[in-house]
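Trainee: The structure is given below, and queries will be raised subsequently.
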Amino acid sequence: MQEHVELFMVGGNHNKVYEVWLAPIGRYASGYLDGWVVRFAYGRIGSTLKHGTKTETPLPYYDAKQIYDNLVQSKLVKGYKYAVIEPKPTKPQTQPKPQSRPVTVTVTVVDEPRGRKFRDV
(Lines give C-alpha, C1' and ligand atoms only; values in the text may rest on other atoms or scores of the structure.)
Protein backbone atom coordinates (compact mmCIF):
# COMPACT_ATOMS: atom_id res chain seq x y z
CA MET A 1 0.00 0.00 0.00
CA GLN A 2 1.96 2.97 -1.27
CA GLU A 3 0.80 6.54 -0.76
CA HIS A 4 1.63 9.16 -3.37
CA VAL A 5 0.75 12.81 -3.80
CA GLU A 6 1.51 15.33 -6.55
CA LEU A 7 1.62 19.03 -5.68
CA PHE A 8 1.91 21.93 -8.11
CA MET A 9 2.77 25.61 -7.88
CA VAL A 10 1.77 27.42 -11.06
CA GLY A 11 1.42 31.13 -11.65
CA GLY A 12 3.64 34.19 -11.64
CA ASN A 13 7.22 32.96 -12.02
CA HIS A 14 6.34 29.52 -10.65
CA ASN A 15 5.89 26.38 -12.70
CA LYS A 16 6.91 23.68 -10.21
CA VAL A 17 5.92 20.17 -9.24
CA TYR A 18 6.64 18.30 -5.99
CA GLU A 19 5.86 14.60 -5.58
CA VAL A 20 5.99 12.64 -2.32
CA TRP A 21 5.80 8.85 -1.79
CA LEU A 22 5.36 6.74 1.32
CA ALA A 23 6.45 3.27 0.23
CA PRO A 24 6.98 -0.10 1.92
CA ILE A 25 10.43 -1.70 1.74
CA GLY A 26 11.17 -5.44 1.86
CA ARG A 27 7.63 -6.75 1.46
CA TYR A 28 8.10 -8.19 -2.00
CA ALA A 29 11.70 -9.41 -1.77
CA SER A 30 11.62 -11.60 1.34
CA GLY A 31 7.97 -11.67 2.38
CA TYR A 32 8.97 -9.60 5.40
CA LEU A 33 8.38 -5.86 5.64
CA ASP A 34 11.54 -4.03 6.73
CA GLY A 35 9.70 -0.73 7.11
CA TRP A 36 8.61 2.36 5.24
CA VAL A 37 10.54 5.12 3.44
CA VAL A 38 9.56 8.64 2.38
CA ARG A 39 10.81 9.67 -1.05
CA PHE A 40 10.30 12.86 -3.02
CA ALA A 41 10.93 14.40 -6.43
CA TYR A 42 10.79 18.06 -7.45
CA GLY A 43 11.52 20.39 -10.32
CA ARG A 44 9.99 22.41 -13.11
CA ILE A 45 6.96 20.99 -14.83
CA GLY A 46 8.02 19.19 -18.00
CA SER A 47 11.70 18.84 -17.02
CA THR A 48 13.64 16.01 -15.40
CA LEU A 49 12.86 15.91 -11.69
CA LYS A 50 15.46 15.71 -8.93
CA HIS A 51 14.90 12.79 -6.54
CA GLY A 52 15.67 12.39 -2.87
CA THR A 53 14.66 10.65 0.33
CA LYS A 54 13.64 11.93 3.75
CA THR A 55 14.40 8.62 5.50
CA GLU A 56 17.86 7.08 5.29
CA THR A 57 16.68 3.73 6.69
CA PRO A 58 13.25 2.08 6.73
CA LEU A 59 11.06 3.24 9.63
CA PRO A 60 7.92 1.91 11.29
CA TYR A 61 4.78 2.99 9.44
CA TYR A 62 3.60 5.61 11.94
CA ASP A 63 7.00 7.34 12.07
CA ALA A 64 7.30 7.39 8.27
CA LYS A 65 3.67 8.53 7.91
CA GLN A 66 4.33 11.47 10.22
CA ILE A 67 7.35 12.53 8.13
CA TYR A 68 5.28 12.14 4.94
CA ASP A 69 2.39 14.22 6.33
CA ASN A 70 4.75 16.93 7.64
CA LEU A 71 6.50 17.17 4.26
CA VAL A 72 3.21 17.47 2.37
CA GLN A 73 1.91 20.06 4.86
CA SER A 74 5.10 22.14 4.58
CA LYS A 75 4.68 22.30 0.79
CA LEU A 76 1.00 23.27 1.08
CA VAL A 77 1.95 26.11 3.44
CA LYS A 78 4.48 27.35 0.84
CA GLY A 79 1.70 27.60 -1.76
CA TYR A 80 1.69 24.27 -3.53
CA LYS A 81 -1.73 22.88 -4.46
CA TYR A 82 -2.97 19.34 -4.95
CA ALA A 83 -3.20 18.11 -8.52
CA VAL A 84 -6.74 18.40 -9.83
CA ILE A 85 -7.67 16.04 -12.60
CA GLU A 86 -10.68 17.36 -14.44
CA PRO A 87 -12.77 14.92 -16.41
CA LYS A 88 -12.80 15.30 -20.16
CA PRO A 89 -15.91 17.07 -21.37
CA THR A 90 -18.32 14.66 -22.92
CA LYS A 91 -21.26 15.17 -25.18
CA PRO A 92 -24.37 15.25 -23.03
CA GLN A 93 -26.44 12.13 -23.21
CA THR A 94 -29.86 12.90 -24.59
CA GLN A 95 -32.80 10.61 -24.36
CA PRO A 96 -34.42 9.91 -27.71
CA LYS A 97 -37.84 11.44 -27.98
CA PRO A 98 -40.57 8.87 -27.94
CA GLN A 99 -42.12 8.63 -31.36
CA SER A 100 -45.87 8.87 -31.53
CA ARG A 101 -47.22 5.82 -33.25
CA PRO A 102 -50.71 5.38 -34.56
CA VAL A 103 -52.68 3.07 -32.32
CA THR A 104 -54.60 0.33 -34.09
CA VAL A 105 -57.76 -0.77 -32.38
CA THR A 106 -59.52 -3.87 -33.60
CA VAL A 107 -63.26 -3.83 -33.10
CA THR A 108 -65.16 -7.01 -33.51
CA VAL A 109 -68.90 -6.69 -34.06
CA VAL A 110 -70.88 -9.64 -32.78
CA ASP A 111 -74.37 -10.04 -34.12
CA GLU A 112 -76.86 -11.66 -31.79
CA PRO A 113 -78.87 -14.37 -33.38
CA ARG A 114 -82.37 -13.22 -34.17
CA GLY A 115 -85.35 -14.98 -32.90
CA ARG A 116 -83.75 -16.53 -29.87
CA LYS A 117 -84.39 -15.23 -26.45
CA PHE A 118 -81.75 -15.40 -23.79
CA ARG A 119 -82.66 -15.66 -20.20
CA ASP A 120 -80.76 -15.89 -16.96
CA VAL A 121 -80.71 -19.30 -15.42
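In the C-alpha coordinates, chains take letters A, B, ... by order of appearance, with residues numbered from 1 within each chain and ligands from 1 in the order shown.
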Just the residues within 12 Å of Val84 in chain A, please, counting only C-alpha atoms, with nothing from its chain fewer than 5 positions along; format it as an mmCIF file with N, CA and C atoms, in the first residue's frame.

Mentor:
data_model
loop_
_atom_site.group_PDB
_atom_site.id
_atom_site.type_symbol
_atom_site.label_atom_id
_atom_site.label_comp_id
_atom_site.auth_asym_id
_atom_site.auth_seq_id
_atom_site.Cartn_x
_atom_site.Cartn_y
_atom_site.Cartn_z
ATOM 1 N N VAL A 5 1.453 11.557 -3.578
ATOM 2 C CA VAL A 5 0.746 12.813 -3.800
ATOM 3 C C VAL A 5 1.571 13.669 -4.757
ATOM 4 N N GLU A 6 0.873 14.382 -5.637
ATOM 5 C CA GLU A 6 1.511 15.334 -6.552
ATOM 6 C C GLU A 6 1.013 16.726 -6.200
ATOM 7 N N LEU A 7 1.950 17.641 -6.008
ATOM 8 C CA LEU A 7 1.618 19.026 -5.681
ATOM 9 C C LEU A 7 2.193 19.929 -6.763
ATOM 10 N N PHE A 8 1.478 21.004 -7.066
ATOM 11 C CA PHE A 8 1.913 21.932 -8.105
ATOM 12 C C PHE A 8 1.864 23.358 -7.598
#

Trainee: For range 66-72 of chain A, please output as a PyMOL selection string all residues within 9 Å (counting only C-alpha atoms; exclusion window: fewer than 6 positions along the same chain).

Mentor: chain A and resi 5+7+19-22+37-39+54-55

Trainee: Could you state the separation of CA of Gln73 in chain A and CA of Gly52 in chain A in Å, given to one decimal place?

Mentor: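 If I compute the distance from CA of Gln73 in chain A to CA of Gly52 in chain A, I get 17.6 Å.
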
Trainee: Using CA of Tyr18 in chain A and CA of Val77 in chain A as the two end points, give the distance in Å to one decimal.

Mentor: 13.1 Å

Trainee: With only C-alpha atoms as the basis for distance, which of A:Lys78, A:Lys65, A:Lys16, A:Lys50 is at the shortest distance from His4 in chain A?

Mentor: A:Lys65

Trainee: I need the helix (DSSP H, G or I) residues of range 48-87 of chain A per DSSP on the backbone, written as an NGL selection string.

Mentor: :A and (61-78)

Trainee: Using only C-alpha atoms, determine which residues lie at most 12 Å from Met9 in chain A, disregarding the query and same-chain residues fewer than 5 positions distant; provide the list as a list in words.

Mentor: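 Within the cut-off, the hits are His14, Asn15, Lys16, Val17, Tyr18, Glu19, Tyr42, Gly43, Arg44, Ile45, Lys75, Leu76, Val77, Lys78, Gly79, Tyr80, Lys81, Tyr82 and Ala83 of chain A.
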
Trainee: Which residue is closest to Pro60 in chain A? Choose from A:Gly26, A:Ser47, A:Asn13, A:Asp34 and count only C-alpha atoms.

Mentor: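 Of the candidates, the smallest distance to Pro60 in chain A is held by A:Asp34.
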
Trainee: Do you have the CA of Ala23 in chain A-CA of Ser74 in chain A distance handy?

Mentor: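 Interatomic distance here is 19.4 Å.
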